[in-house]
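Okay, structure first, notes after.
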4 protein chains.
Amino acid sequence: MSAVDVGVLDPATPHAADAVSDAAYAAAMVDVELALVRALVAVGAGPDAALDEGWAADAVDVAAVAAGARASGNPVVPLLAQLRAAAPSAVRDVLHLGATSQDVLDSATMLVAARTRRAVERALEPALAGLAALADRHRATPAVGRTLGQQAAPTVFGMRLAVLLDGVRRAALHLGALPLPAQLGGSVGTLAVLTDLLGADRADAVRRRFADELGLAFRSTVWQVERGPVAELGAALAVLIGALGRLGLEVVQGSRAELGELALGLGADEGGSSAMPQKRNPVPAILLVAAARRAPGLAATLLGAQLALDDRPPGDWHAEWQPLRELLRLGLESAELAAEVVASLDADPERLRAHLGDGRGAVHAERAQWALVPELGRGRAQELVRGALAADEFVPALLAQLADEPAAADRVRAVTDPSAPVGLTGRMIDAVIGGES
Amino acid sequence: MSAVDVGVLDPATPHAADAVSDAAYAAAMVDVELALVRALVAVGAGPDAALDEGWAADAVDVAAVAAGARASGNPVVPLLAQLRAAAPSAVRDVLHLGATSQDVLDSATMLVAARTRRAVERALEPALAGLAALADRHRATPAVGRTLGQQAAPTVFGMRLAVLLDGVRRAALHLGALPLPAQLGGSVGTLAVLTDLLGADRADAVRRRFADELGLAFRSTVWQVERGPVAELGAALAVLIGALGRLGLEVVQGSRAELGELALGLGADEGGSSAMPQKRNPVPAILLVAAARRAPGLAATLLGAQLALDDRPPGDWHAEWQPLRELLRLGLESAELAAEVVASLDADPERLRAHLGDGRGAVHAERAQWALVPELGRGRAQELVRGALAADEFVPALLAQLADEPAAADRVRAVTDPSAPVGLTGRMIDAVIGGES
Amino acid sequence: MSAVDVGVLDPATPHAADAVSDAAYAAAMVDVELALVRALVAVGAGPDAALDEGWAADAVDVAAVAAGARASGNPVVPLLAQLRAAAPSAVRDVLHLGATSQDVLDSATMLVAARTRRAVERALEPALAGLAALADRHRATPAVGRTLGQQAAPTVFGMRLAVLLDGVRRAALHLGALPLPAQLGGSVGTLAVLTDLLGADRADAVRRRFADELGLAFRSTVWQVERGPVAELGAALAVLIGALGRLGLEVVQGSRAELGELALGLGADEGGSSAMPQKRNPVPAILLVAAARRAPGLAATLLGAQLALDDRPPGDWHAEWQPLRELLRLGLESAELAAEVVASLDADPERLRAHLGDGRGAVHAERAQWALVPELGRGRAQELVRGALAADEFVPALLAQLADEPAAADRVRAVTDPSAPVGLTGRMIDAVIGGES
Amino acid sequence: MSAVDVGVLDPATPHAADAVSDAAYAAAMVDVELALVRALVAVGAGPDAALDEGWAADAVDVAAVAAGARASGNPVVPLLAQLRAAAPSAVRDVLHLGATSQDVLDSATMLVAARTRRAVERALEPALAGLAALADRHRATPAVGRTLGQQAAPTVFGMRLAVLLDGVRRAALHLGALPLPAQLGGSVGTLAVLTDLLGADRADAVRRRFADELGLAFRSTVWQVERGPVAELGAALAVLIGALGRLGLEVVQGSRAELGELALGLGADEGGSSAMPQKRNPVPAILLVAAARRAPGLAATLLGAQLALDDRPPGDWHAEWQPLRELLRLGLESAELAAEVVASLDADPERLRAHLGDGRGAVHAERAQWALVPELGRGRAQELVRGALAADEFVPALLAQLADEPAAADRVRAVTDPSAPVGLTGRMIDAVIGGES
C-alpha cells in the first residue's frame, strides 16, 4: 500500500503534517500503552522492571500497523502485537492490562490533540502579538467601513484588525479551555478486569494515574460511546480555523489590485504561477481560506458521530478518526499560516484613506444627518441630507444648504473630517489589545 | 404569502415552535429597540417620557414585517417603520438611535437564544433527574455490554444510563456557560453616531447599559463580522441535540421486539399507524433521532458563516438566520422530547438479564481469562480459554478444564456470576449522579 | 402553536414561500390520497361515485394537521382522519386503501418537488435568456481576468457571463432530468393488502396508474427505505443553488465601489438601510449568496439520511422533511432572485476596460512572452519579460528592448492590444449561447 | 515532512488507498502534461520527437513535489519544474504550452476520478451479482417487515435485498453517467496563448484532442471557476457510498446476537478484539457504515466550493482537493468492502422466519383486517381486529370471533399463513434482478 497523503494535495506547513501523521498517531499509541504500564506499576500491579521503556523506541513499524489494521478494523490490534513481540517479559505481562483497543486509540487521539493544541498555541503567539501591534499602529488610520459589500461609513483600519484579533483569541481560548480526557474503561467501559485483579481502590487509582501520566484530563466515567469530547473538540477547532480563515479572506480581498489596501510581502519563490510571469499570489492567505472552507464539513461529521449506539459504537467511532485528524492538521496549518500572513502583512494607509475619500462623499451621510438632528430635528435633517445626496458631492452640497446654520455646519464639518477620531474605536482597540473579554 | 411552517413537517412540541416563531423574533426585536431607548434615557440622551412602552404592545404586524423584509433584505427596516409609526414622539426621537439593523437582529437573536436556553434548562431538569433515578435504580441490573454491535462483556444497565446522563449534562453545562452577547456597534461597528452625539463616556455607558437591560453579555468590541458567538452557540446546541439523540437511538433500538429491553409507555393516542392497527411506534424517541440527524448540517452552515468579509458581511450573515433558529427549535424540542421519553421509559430487568445469560456464555471469556492469569500465566490462560470457546457452553467447559485448579476455578466462578458487582460501575454511577466532572 | 415561519427570517420571494408551505404540502397529500382513489376506481376496486372530489376542497385544516402530527410522528395520520370525516361513504371505503403514511408523504413530497421544479424552470427562463443576451452583448468588452484574487490576463466580460450561464443551465438540466418517483408500497413495501384484495395484476396496475395520475415517475420497486431519490434531488438542488449563488457573489463583488464593474438597478424602495441614508445594498444578489451558503448543509443531511435501517426507517426519514423543503424553497427563491438580478444588471464597460488597462501593464506578460518564443526562444523571451516586469510600465519597457526585433515587437503589439479578440472566447461564448454541451 | 496518511486511521482496502494516493495524482498530472504535448504535436505545433515519453517514467519525485507545493500553493509548479529538468529539449519546448496549473490539476483529478470509477465498477460487479443471487435465493424466505424500529407486517427477505440492490445499482449508474470533463483554458480560461500561437482552429483542435487523449469528456467551455462537475461528482459518490453504507448497517444490525438473522463468514484473523477473546466483529460491514457517515460532510464541502469568484477562484478551488480525494477513496473502499460483505454474507432462514412468528401474532393484523373488509365492512373489521389485538395471540383470537363467518375466517387464514407469497414481492424482486428501472 502506498502512502495516500504525503502533502501533494495539502501544501501544509511541515509541522502540521508531522503533528498528525500516522507516525505521530502510532507514537502516541505507544505512549498510551506505556503510560498504562507505569500506572499499573504505580499501584503495585507490575514489577519496577516494567518501567524500562527503551525497547519501545523502534518496536513499531507504522506501515505494518496500517496493513494489519484492516483485519480487526483498528490499528491497535496489530500495533499491540508488535509491542508484545518486542517487549521484555516483565512488560509483556502487564501490557494493555485491562484496556481495550478503543481506550488506546481514544487516549492516543487526545494525546495527539493535546500536542497539536500546544503547537497551535505556540504558532498563534506571534500571530496574535502581530495583530495587536498592527491594530495599535493603525488605530488612527482612516478607512472606509463596508457593509453588505458597499461603502458605508468611516472607520479606522485598526478597528478591523482588533475585531479579527478578538475573534481569533477568543476561539483560541475556547479551544485551550476544553478538557481533553484520557479514556480507560476496558472492553465495555466497566473496568471489570482491572477491578477483578486489583480491587476497586487500586483499579480506580490506575485510571487516575493513567490520565496523569498522559497529561490528559481525568473523567469520572467513560466516554467510549458518549462522544461529546470529540464533537466539542472538532467544533472548537472549526471555530478557530474559521476565525483564522477570515484573516485570509480579508487579505485576499484587500490585496486585489483594485483595492490595494493590503499586500503580503512574499518570498522570492512564493506565489508564482505556472503560466503568468508577473503573478504573485497571496498563497498563505489563500490556503487559510481553503482550510476554513473545509472545516465545517469535517466538524459536522464529528457532531453526527455522537449518535452512537451500545457501549462502544459500530462505525460511528471509526467515522471520527480521519475528520478529527484533518481538523487538527488544518488547525495547526492555519495557525502557522496566520503567523506567516501577519508577519508579512503590509497595509497601505494611503489606499485605505483614499477609499474613505477626502471628506466630501456620501459615506458621511449618516453621521452628518445625526449631527443636524439636535438643532434641526430629525425631519429637517433627513430632508437636507436627502437633498445633498442627489448632488455630486455630498458634504459640500450639505454645507451649502447650511449657509444660515453656522453651528450645524460646524458640527457637520467636525464629523466629516476624515482624520478625526471615530466613535469608540480607540476604546475598543485598547480593550482588545488589553485582552478584555 | 402563506405561512411556510406551522408544524406539519416538524411535529415539534408546541413550546419549541413558539419559542422561535417569527412572532417570537419580532417580539425580541421590539424588546431590543426598547432596551436601547431605556439605555439612552439612562444616560440622559432621551426624556423620561420615552420610558412609556405601552404603545409597543400591538405596534408590530408580523406578516407585514415579513412582506417588507424583501426590499431591504432584513426584517428590521420594516419593523422599525412600524414602530416609528406607532411610537409617541418622545420615543420616536431616540428610537434606534445609533443602531443599525444588524445590531437589532443580532441582539434579538441572542435574546431568543437566551430565552430558549432557559426553556431548555427547565425542560432538562426532569429529564436529568429522571435519568439519575433510573441509573440509580438499575445500578445492579445485569446487562450485556455490546461493542461494535456484538455482545462483548457483562455490564449493568445503570452504567449505560449514567454515561448517557453524563453526556447530556455536560452538553447542557457547556451550552449554559456560553456568553450570549448583545450587539451594539452602529452602522460599521464604531458607535460613531452615539459618540458624536453623547461623547465617548456616555456612548460607552449606553452600550453597557443596553446589554444589561437585555440580560445579555457585554462584549468590549463588536461581533458584527466576527461570528464566533453564533458559531459556538450553534455547535453547543448541536452537541446537546446529539447527546439527547443518543437517548432516542438507544430507546428505538432497545424497544425493538427482538431486544425488548426498553419500552415507552405511550399515551392511548400516541404511536399509531395509518396502516397497521397493532403498531405502537416510540414516536418521541424517533423524533429525538431525527433532530440529531439534522443538527450537524445546520451547525456546519453556522461554522461556515464565520468566513465573513468587511465590517458587516454580505450574505454570510443572512445565511445564519434560519439554521440558528432551527437549532434552537431542535434544542428545545429535543429537551422536551427527552423529558417525555425519560418519564415514560420502562426497562425490563428480565430481558436485560436474559441477554447477558445465565453465566455460562462466551461473554465472560475476557474476565475469565484474566482471572486465570495470576495463577496460570497468560499463555496457559489463553490456551484454556480458547479451548473452552470451542465448546458449546464456555464457562462449564472452562471449569471442566480446571478440575485440578480449584482456586482458579473459584476465581472463574466469581467473575462469571451474572449477579456479582461489575468493575467500577458503582463508583462511576455514583460519580455521575453526584455531578462529578 | 404559532406559525414558526411566515418569512421574517427568510425574505423569500412569495412564490417560493407558497410553493413549499405547509398548506402546499397538505394540498399535495390530499392530491395523493385522491390519486390513489382514482387508481383504485380505474381497476374496478372502487365505485365511480368515488371519483367525486368536490368534498375534498375544504376538508383539511392545516393547523389541526400540524397539531395532530405530534402523536403519530407524522402528518398523514391526522390528515387522513380529517379526510375520512369529510369524505362521502363511497370514497371512505377506498380511501388510503393499501397505502401507509409514508407512501402519502413521500409521494406528496415528490409532487411538491415536481411543482416547485416547474416553477424553477419557469423562473430560470428569463434568467438564462438574459444571461445569454448579456454574454452576447459583452462578447468583445475587454476585461481583466482574475485568478486567485489577482489580476492575471486579459479576457472579455462576455466570457465570464457565458461560464456562469453554462453552469446554471447544466445544473438546471441535471435537476430537470431527475426522475421524481411516486411511492406506493403499503406498510412494509410489499403491497400485500392490495394484492390480497385485488390480485397481483390489478395491484400492479394500481401502482402504475397511481404514478401516472400524479404525473410522477413509476419505479418498479419501493424506495421507502432506499432514499436515493431524495438524496439525489437534494444534491441537484444544491448544485443549482450553488451555480446561482455564484451569480450573486459576482454581483456583490463587482458592485463594490472600488470595483464598480457591475451594478443592480434597484427599485426606489430596495436596498435601504436602517442607519445609512445613502446605502443601496444589492439585496437580491446578497440573498442569492445566502441561499447558496445554506444549501450544502441541508444537502448533507439528506445524503446522510440514506443510512436508513429496516423496511421503513426510524428517524432518518423524519430528518429529511425540513431540509428537502428548505432546499426546494431556496431553489425557487434563487431562480427568482437570479431572474431579478439578471433583469436589472448593469455592466460598466468603461470600468471593466479600465481595470484591464491601456495595454501597457504587466497583465499582458504571459501573452507577450509567448509571442516572443517562436522567434527568440523560451529562454530569451523569459529574460526579456523578466526585465520588463521590473520596470514601471511593462509593455513599453518590453518594446524598448525589442528595438532590433521589429517582427517580435509587432507580435507583442498585437497580443497586448486591449481591444483585440481574446483567444477562443468568441467560439466559447457562441457554444454556450447555442446550448452546446 | 512525513507521510500523513499511510492507512493507520483508514484501514482501507489497498486498491482504494493506491487509487488516490499522492503518487497516483502525480502520475495523472504527468499523463496530463504528456497528453497536451501529444495534442500539440497532432496539430503540428510540436515535433514528432516530442512524442518520446520514456524520459517521463522516473522524472517526478513525489515527496519533492509535496515539499515544493507550499510556495506556489499547488503541486503543478514544482512538478512541472521537475518535468522540465528531465525532458528532452524537443519536449521542453512545448511542455505545458498554453496551459495553467489548474488545467493540469483539474484534468489530473478527473483522470484519477475516471480510473477510480472504473475500479469501483469492477468491484461492484460481484457485489451486485451476489446481491441479485441472494435476493433470488431468498425470494420466498419469510421475514418480518419492520418500520420505525417495530415489527410491522410480513415480508420476504429477498425483498429487502432487492431494495438494497436497486439502490446501489441506481447510484452506480448515476455515477457512471456523469461526464468527467478535461480542463484546458489557459491562465484565465480564454486559451489566448494557444490561439495567439496557432490560430483559433488549431487551438480549438488542441483542446478537443487533449480531452480525447485523456479519455475525458470535452466541454465546449471552461469550468475553472464553474465547479459543477466537481460538486456533482462528489454528490454522486456520496449517494453511492450511502447506498453501500446501508448494506453495512443492515449487516451490523442483523448480525447482533439478539437478531441473529445475518452473519459474516469472517476469515480466521478477521474481527478480533484486543480485549475479548470471543469477539468476531463484522469489520467490513462496520467500515461500510463508517464510510457512509463521512461522505456527506465531504460532499457538502464540494457543494459549497461552487461559490467561487473571478475566473479562477482563491481558496475555494484548493478546498476541493482533499474532500474529493477522500470521496473517491471511500467510494472504492466501499465498493470493495461491499463485495467482501456480499461474498461472505450468511442469512439464517430459521431466525428470519422465527421473528415473523408462526402465523399467530399481531404482525398479521393489517392484512387480517383488510381480509375481513369485503364481507364485514370496515367498521366491523376494525372492531374485530381491535378485540383480537387485546388477546395474547392475535390470529387465534380473531378466528375465534369468526366462528360464524367461515369464508372470512378462511380469508384470514390465507393472509396469515407465514409461508404464503407476500404481495407483489415476487414481481418486484424479478424487476430488480432484471435491471428494470
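Labels for the C-alpha cells follow display order: chains A, B, ..., residues from 1 in each chain, ligands from 1.
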Need the shell around Ala50 (chain D): protein/DNA/RNA residues with any atom at most 10 Å away, counting only C-alpha atoms. Skip same-chain ones fewer than 6 positions apart. Format as an MDAnalysis selection string? chainID D and resid 34 37:38 40:41 87:95
When DSSP works through the backbone of this structure, what residues of region 22-85 of chain D end up as helix (DSSP H, G or I), shown as a PyMOL selection string? chain D and resi 22-42+48-51+54-56+62-72+76-85
Please produce, as a Markdown table, a per-residue contact table for chain B versus chain C (criterion: any atom at most 6 Å away, only C-alpha atoms considered), showing the nearest atom pair and its distance in Å to one decimal, sorted by chain then residue number.
```
| residue | atom | partner | partner_atom | distance |
| --- | --- | --- | --- | --- |
| B:Met1 | CA | C:Pro14 | CA | 5.4 |
| B:Ser2 | CA | C:Asp18 | CA | 5.8 |
| B:Ala3 | CA | C:Val6 | CA | 4.3 |
| B:Val4 | CA | C:Ser21 | CA | 3.9 |
| B:Asp5 | CA | C:Asp5 | CA | 5.1 |
| B:Val6 | CA | C:Ala3 | CA | 4.3 |
| B:Gly7 | CA | C:Ala66 | CA | 4.9 |
| B:Val8 | CA | C:Ala66 | CA | 4.2 |
| B:Pro11 | CA | C:Arg70 | CA | 4.7 |
| B:Pro14 | CA | C:Met1 | CA | 5.4 |
| B:Ala17 | CA | C:Val4 | CA | 5.8 |
| B:Asp18 | CA | C:Ser2 | CA | 5.8 |
| B:Ser21 | CA | C:Val4 | CA | 3.9 |
| B:Asp22 | CA | C:Asp5 | CA | 5.6 |
| B:Ala66 | CA | C:Val8 | CA | 4.2 |
| B:Ala69 | CA | C:Pro11 | CA | 5.5 |
| B:Arg70 | CA | C:Pro11 | CA | 4.8 |
| B:Ala71 | CA | C:Glu270 | CA | 4.5 |
| B:Ser72 | CA | C:Gly271 | CA | 4.6 |
| B:Gly73 | CA | C:Val283 | CA | 5.6 |
| B:Pro75 | CA | C:Val8 | CA | 5.9 |
| B:Val77 | CA | C:Ser274 | CA | 5.5 |
| B:Thr100 | CA | C:Ala275 | CA | 5.1 |
| B:Ser101 | CA | C:Ser274 | CA | 5.6 |
| B:Glu270 | CA | C:Ala71 | CA | 4.5 |
| B:Gly271 | CA | C:Ser72 | CA | 4.7 |
| B:Gly272 | CA | C:Ser72 | CA | 5.4 |
| B:Ser274 | CA | C:Val77 | CA | 5.5 |
| B:Ala275 | CA | C:Thr100 | CA | 5.1 |
| B:Val283 | CA | C:Gly73 | CA | 5.6 |
| B:Ile286 | CA | C:Gly315 | CA | 4.8 |
| B:Val289 | CA | C:Gly315 | CA | 5.3 |
| B:Ala290 | CA | C:Gly315 | CA | 4.4 |
| B:Arg294 | CA | C:Ala319 | CA | 5.9 |
| B:Gly297 | CA | C:Gly297 | CA | 4.1 |
| B:Leu298 | CA | C:Gly297 | CA | 5.9 |
| B:Thr301 | CA | C:Gly297 | CA | 5.8 |
| B:Pro314 | CA | C:Ile286 | CA | 5.7 |
| B:Gly315 | CA | C:Ala290 | CA | 4.4 |
| B:Asp316 | CA | C:Ala290 | CA | 5.7 |
| B:His318 | CA | C:Ala290 | CA | 5.6 |
| B:Ala319 | CA | C:Ala290 | CA | 4.5 |
```
Could you pull out the residues in region 30-157 of chain D that DSSP calls strand (DSSP E or B) from the backbone, as JSON, numbers by chain? {"D": [142, 143, 144, 145, 146, 147, 150, 151, 152, 153, 154, 155, 156]}
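CA of Gln382 (chain C) lies 8.8 Å from CA of Trp370 (chain C).
With CA of Leu165 (chain C) on one side and CA of Glu340 (chain C) on the other, the separation reads 14.9 Å.
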Need the shell around region 116-126 of chain A: protein/DNA/RNA residues with any atom at most 9 Å away, counting only C-alpha atoms. Skip same-chain ones fewer than 6 positions apart. Format as a list of chain:residue names? A:His15, A:Ala16, A:Ala19, A:Val20, A:Val168, A:Arg169, A:Ala172, A:Leu175, A:Gly176, A:Leu328, A:Arg329, A:Gly331, A:Leu332, A:Glu333, A:Ser334, A:Ala335, A:Glu336, A:Leu337, A:Ala338, A:Ala339, A:Val342, A:Ala343
Please save N, CA and C atoms of the selected residues as a PDB file, in the first residue's frame.
```pdb
ATOM      1  N   HIS A  15       5.138  21.295   9.993  1.00  0.00           N
ATOM      2  CA  HIS A  15       4.745  20.965  11.361  1.00  0.00           C
ATOM      3  C   HIS A  15       3.373  20.326  11.406  1.00  0.00           C
ATOM      4  N   ALA A  16       2.447  20.902  10.641  1.00  0.00           N
ATOM      5  CA  ALA A  16       1.074  20.417  10.703  1.00  0.00           C
ATOM      6  C   ALA A  16       0.985  18.999  10.186  1.00  0.00           C
ATOM      7  N   ALA A  19       2.562  16.696  12.795  1.00  0.00           N
ATOM      8  CA  ALA A  19       1.857  16.606  14.075  1.00  0.00           C
ATOM      9  C   ALA A  19       0.775  15.544  14.063  1.00  0.00           C
ATOM     10  N   VAL A  20       0.189  15.315  12.910  1.00  0.00           N
ATOM     11  CA  VAL A  20      -0.933  14.376  12.856  1.00  0.00           C
ATOM     12  C   VAL A  20      -0.662  13.200  11.926  1.00  0.00           C
ATOM     13  N   VAL A 168     -10.031  35.653  16.863  1.00  0.00           N
ATOM     14  CA  VAL A 168      -9.036  34.578  16.901  1.00  0.00           C
ATOM     15  C   VAL A 168      -8.687  34.240  18.349  1.00  0.00           C
ATOM     16  N   ARG A 169      -8.481  35.272  19.157  1.00  0.00           N
ATOM     17  CA  ARG A 169      -8.072  34.993  20.543  1.00  0.00           C
ATOM     18  C   ARG A 169      -9.172  34.281  21.326  1.00  0.00           C
ATOM     19  N   ALA A 172      -9.205  30.736  20.302  1.00  0.00           N
ATOM     20  CA  ALA A 172      -8.059  30.012  20.851  1.00  0.00           C
ATOM     21  C   ALA A 172      -8.261  29.732  22.338  1.00  0.00           C
ATOM     22  N   LEU A 175     -10.743  26.900  22.652  1.00  0.00           N
ATOM     23  CA  LEU A 175     -10.084  25.624  22.365  1.00  0.00           C
ATOM     24  C   LEU A 175      -9.179  25.219  23.519  1.00  0.00           C
ATOM     25  N   GLY A 176      -8.435  26.187  24.027  1.00  0.00           N
ATOM     26  CA  GLY A 176      -7.474  25.891  25.085  1.00  0.00           C
ATOM     27  C   GLY A 176      -8.138  25.435  26.379  1.00  0.00           C
ATOM     28  N   LEU A 328      -7.340  18.771  13.160  1.00  0.00           N
ATOM     29  CA  LEU A 328      -6.113  19.110  13.897  1.00  0.00           C
ATOM     30  C   LEU A 328      -5.055  19.632  12.926  1.00  0.00           C
ATOM     31  N   ARG A 329      -4.923  18.943  11.804  1.00  0.00           N
ATOM     32  CA  ARG A 329      -3.949  19.374  10.797  1.00  0.00           C
ATOM     33  C   ARG A 329      -4.272  20.782  10.308  1.00  0.00           C
ATOM     34  N   GLY A 331      -6.026  23.001  11.798  1.00  0.00           N
ATOM     35  CA  GLY A 331      -5.888  23.968  12.890  1.00  0.00           C
ATOM     36  C   GLY A 331      -4.447  24.450  13.015  1.00  0.00           C
ATOM     37  N   LEU A 332      -3.515  23.511  13.009  1.00  0.00           N
ATOM     38  CA  LEU A 332      -2.110  23.916  13.157  1.00  0.00           C
ATOM     39  C   LEU A 332      -1.632  24.614  11.885  1.00  0.00           C
ATOM     40  N   GLU A 333      -2.038  24.077  10.761  1.00  0.00           N
ATOM     41  CA  GLU A 333      -1.695  24.703   9.481  1.00  0.00           C
ATOM     42  C   GLU A 333      -2.194  26.160   9.457  1.00  0.00           C
ATOM     43  N   SER A 334      -3.410  26.364   9.895  1.00  0.00           N
ATOM     44  CA  SER A 334      -3.976  27.715   9.867  1.00  0.00           C
ATOM     45  C   SER A 334      -3.234  28.638  10.826  1.00  0.00           C
ATOM     46  N   ALA A 335      -2.903  28.124  11.992  1.00  0.00           N
ATOM     47  CA  ALA A 335      -2.176  28.959  12.951  1.00  0.00           C
ATOM     48  C   ALA A 335      -0.827  29.378  12.376  1.00  0.00           C
ATOM     49  N   GLU A 336      -0.153  28.428  11.741  1.00  0.00           N
ATOM     50  CA  GLU A 336       1.164  28.750  11.189  1.00  0.00           C
ATOM     51  C   GLU A 336       1.048  29.669   9.973  1.00  0.00           C
ATOM     52  N   LEU A 337       0.037  29.420   9.161  1.00  0.00           N
ATOM     53  CA  LEU A 337      -0.174  30.318   8.018  1.00  0.00           C
ATOM     54  C   LEU A 337      -0.516  31.728   8.494  1.00  0.00           C
ATOM     55  N   ALA A 338      -1.317  31.805   9.551  1.00  0.00           N
ATOM     56  CA  ALA A 338      -1.698  33.122  10.058  1.00  0.00           C
ATOM     57  C   ALA A 338      -0.477  33.870  10.572  1.00  0.00           C
ATOM     58  N   ALA A 339       0.385  33.143  11.253  1.00  0.00           N
ATOM     59  CA  ALA A 339       1.608  33.794  11.743  1.00  0.00           C
ATOM     60  C   ALA A 339       2.410  34.357  10.573  1.00  0.00           C
ATOM     61  N   VAL A 342       0.547  37.418   9.071  1.00  0.00           N
ATOM     62  CA  VAL A 342       0.673  38.618   9.921  1.00  0.00           C
ATOM     63  C   VAL A 342       2.086  39.187   9.835  1.00  0.00           C
ATOM     64  N   ALA A 343       3.054  38.277   9.805  1.00  0.00           N
ATOM     65  CA  ALA A 343       4.443  38.745   9.781  1.00  0.00           C
ATOM     66  C   ALA A 343       4.761  39.510   8.499  1.00  0.00           C
TER      67      ALA A 343
END
```
Find, counting only C-alpha atoms, the residue in B:Ala177, B:Phe210, B:Leu83, B:Arg411 that gets nearest to Pro374 (chain B). B:Arg411
Compile the contact shell of Leu389 (chain C) as number ranges by chain: residues with an atom at most 10 Å away, counting only C-alpha atoms, same-chain residues fewer than 6 positions apart removed. A: 277-278; C: 361-363, 365, 383, 395, 397-398
Taking N, CA and C atoms for each residue, export the selection above as an mmCIF file, in the first residue's frame.
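Output contents, as saved in again_23.cif:
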```cif
data_model
loop_
_atom_site.group_PDB
_atom_site.id
_atom_site.type_symbol
_atom_site.label_atom_id
_atom_site.label_comp_id
_atom_site.auth_asym_id
_atom_site.auth_seq_id
_atom_site.Cartn_x
_atom_site.Cartn_y
_atom_site.Cartn_z
ATOM 1 N N PRO A 277 3.998 35.141 -15.794
ATOM 2 C CA PRO A 277 5.266 35.514 -15.159
ATOM 3 C C PRO A 277 5.120 36.612 -14.113
ATOM 4 N N GLN A 278 4.102 37.461 -14.225
ATOM 5 C CA GLN A 278 4.009 38.576 -13.291
ATOM 6 C C GLN A 278 3.248 38.249 -12.017
ATOM 7 N N GLY C 361 0.288 47.335 -19.232
ATOM 8 C CA GLY C 361 0.574 46.740 -17.931
ATOM 9 C C GLY C 361 1.093 45.315 -17.960
ATOM 10 N N ALA C 362 1.448 44.852 -16.773
ATOM 11 C CA ALA C 362 2.029 43.516 -16.594
ATOM 12 C C ALA C 362 1.025 42.403 -16.849
ATOM 13 N N VAL C 363 -0.234 42.752 -16.892
ATOM 14 C CA VAL C 363 -1.250 41.743 -17.141
ATOM 15 C C VAL C 363 -1.067 41.106 -18.531
ATOM 16 N N ALA C 365 1.855 40.113 -19.618
ATOM 17 C CA ALA C 365 3.177 39.469 -19.641
ATOM 18 C C ALA C 365 3.151 38.074 -20.252
ATOM 19 N N GLU C 383 13.730 36.048 -20.268
ATOM 20 C CA GLU C 383 14.680 37.042 -19.787
ATOM 21 C C GLU C 383 14.197 38.462 -20.091
ATOM 22 N N VAL C 395 4.735 46.889 -20.955
ATOM 23 C CA VAL C 395 4.764 46.749 -22.412
ATOM 24 C C VAL C 395 5.744 47.741 -23.055
ATOM 25 N N ALA C 397 8.330 48.982 -21.744
ATOM 26 C CA ALA C 397 9.691 48.537 -21.401
ATOM 27 C C ALA C 397 10.095 47.345 -22.253
ATOM 28 N N LEU C 398 9.142 46.453 -22.506
ATOM 29 C CA LEU C 398 9.461 45.293 -23.330
ATOM 30 C C LEU C 398 9.747 45.722 -24.776
#
```
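Neighbours of region 138-143 of chain D closer than or equal to 9 Å, with only C-alpha atoms counted and sequence neighbours fewer than 3 positions away skipped, come out as Ala133, Leu134, Ala135, Ala153, Pro154, Thr155, Val156, Phe157, Gly158, Met159, Leu161, Ala347, Pro349, Glu350, Arg351, Leu352, Arg353, Ala354, His355, Leu356, Gly357, Pro418, Ser419, Ala420, Pro421, Val422, Thr425, Gly426 and Ile429 of chain D.
Proximity to Thr109 (chain A) was assessed for A:Gly242, A:Gly44, A:Gly359, A:Pro181 counting only C-alpha atoms; the smallest distance is recorded for A:Pro181.
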Work out how far CA of Ala203 (chain B) is from CA of Leu376 (chain A), in Å to one decimal. 21.5 Å
Exercise: Met428 (chain C) partners within 8 Å, only C-alpha atoms, chain neighbours under 3 positions left out, as a list of chain:residue names: C:Met159, C:Ala162, C:Leu424, C:Thr425, C:Ala431, C:Val432, D:Ser220, D:Thr221
Save out the residues we just selected, N, CA, C and O atoms, as a CSV table (one decimal), in the first residue's frame.
```
chain,number,residue,atom,x,y,z
C,159,MET,N,-17.3,36.4,-21.7
C,159,MET,CA,-16.8,35.1,-21.4
C,159,MET,C,-17.2,34.7,-20.0
C,159,MET,O,-17.6,33.6,-19.7
C,162,ALA,N,-20.7,33.9,-19.9
C,162,ALA,CA,-21.0,32.6,-20.6
C,162,ALA,C,-20.7,31.4,-19.7
C,162,ALA,O,-21.5,30.5,-19.6
C,424,LEU,N,-10.1,32.0,-27.7
C,424,LEU,CA,-11.3,31.3,-28.2
C,424,LEU,C,-12.5,31.8,-27.6
C,424,LEU,O,-13.6,31.1,-27.7
C,425,THR,N,-12.5,33.0,-27.0
C,425,THR,CA,-13.7,33.4,-26.2
C,425,THR,C,-14.9,33.5,-27.1
C,425,THR,O,-16.0,33.2,-26.7
C,431,ALA,N,-20.8,28.8,-28.3
C,431,ALA,CA,-21.2,27.5,-28.0
C,431,ALA,C,-22.1,27.5,-26.8
C,431,ALA,O,-23.1,26.8,-26.8
C,432,VAL,N,-21.9,28.3,-25.8
C,432,VAL,CA,-22.7,28.4,-24.6
C,432,VAL,C,-24.1,28.9,-25.0
C,432,VAL,O,-25.1,28.4,-24.7
D,220,SER,N,-17.4,22.4,-24.1
D,220,SER,CA,-17.2,23.4,-25.0
D,220,SER,C,-16.8,24.8,-24.4
D,220,SER,O,-16.4,25.7,-25.1
D,221,THR,N,-16.8,24.8,-23.0
D,221,THR,CA,-16.3,26.0,-22.4
D,221,THR,C,-15.4,25.5,-21.2
D,221,THR,O,-15.2,24.3,-21.0
```
Out of A:Ala371, A:Ala182, A:Ala381, A:Ala391, which residue has the shortest atom-to-atom distance to Arg413 (chain A) when counting only C-alpha atoms? A:Ala371
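The residue set within 8 Å of Gly189 (chain C), counting only C-alpha atoms and dropping same-chain residues fewer than 3 places from it, reads C:Leu184, C:Gly185, C:Gly186, C:Val222, C:Gln224, C:Asp311.
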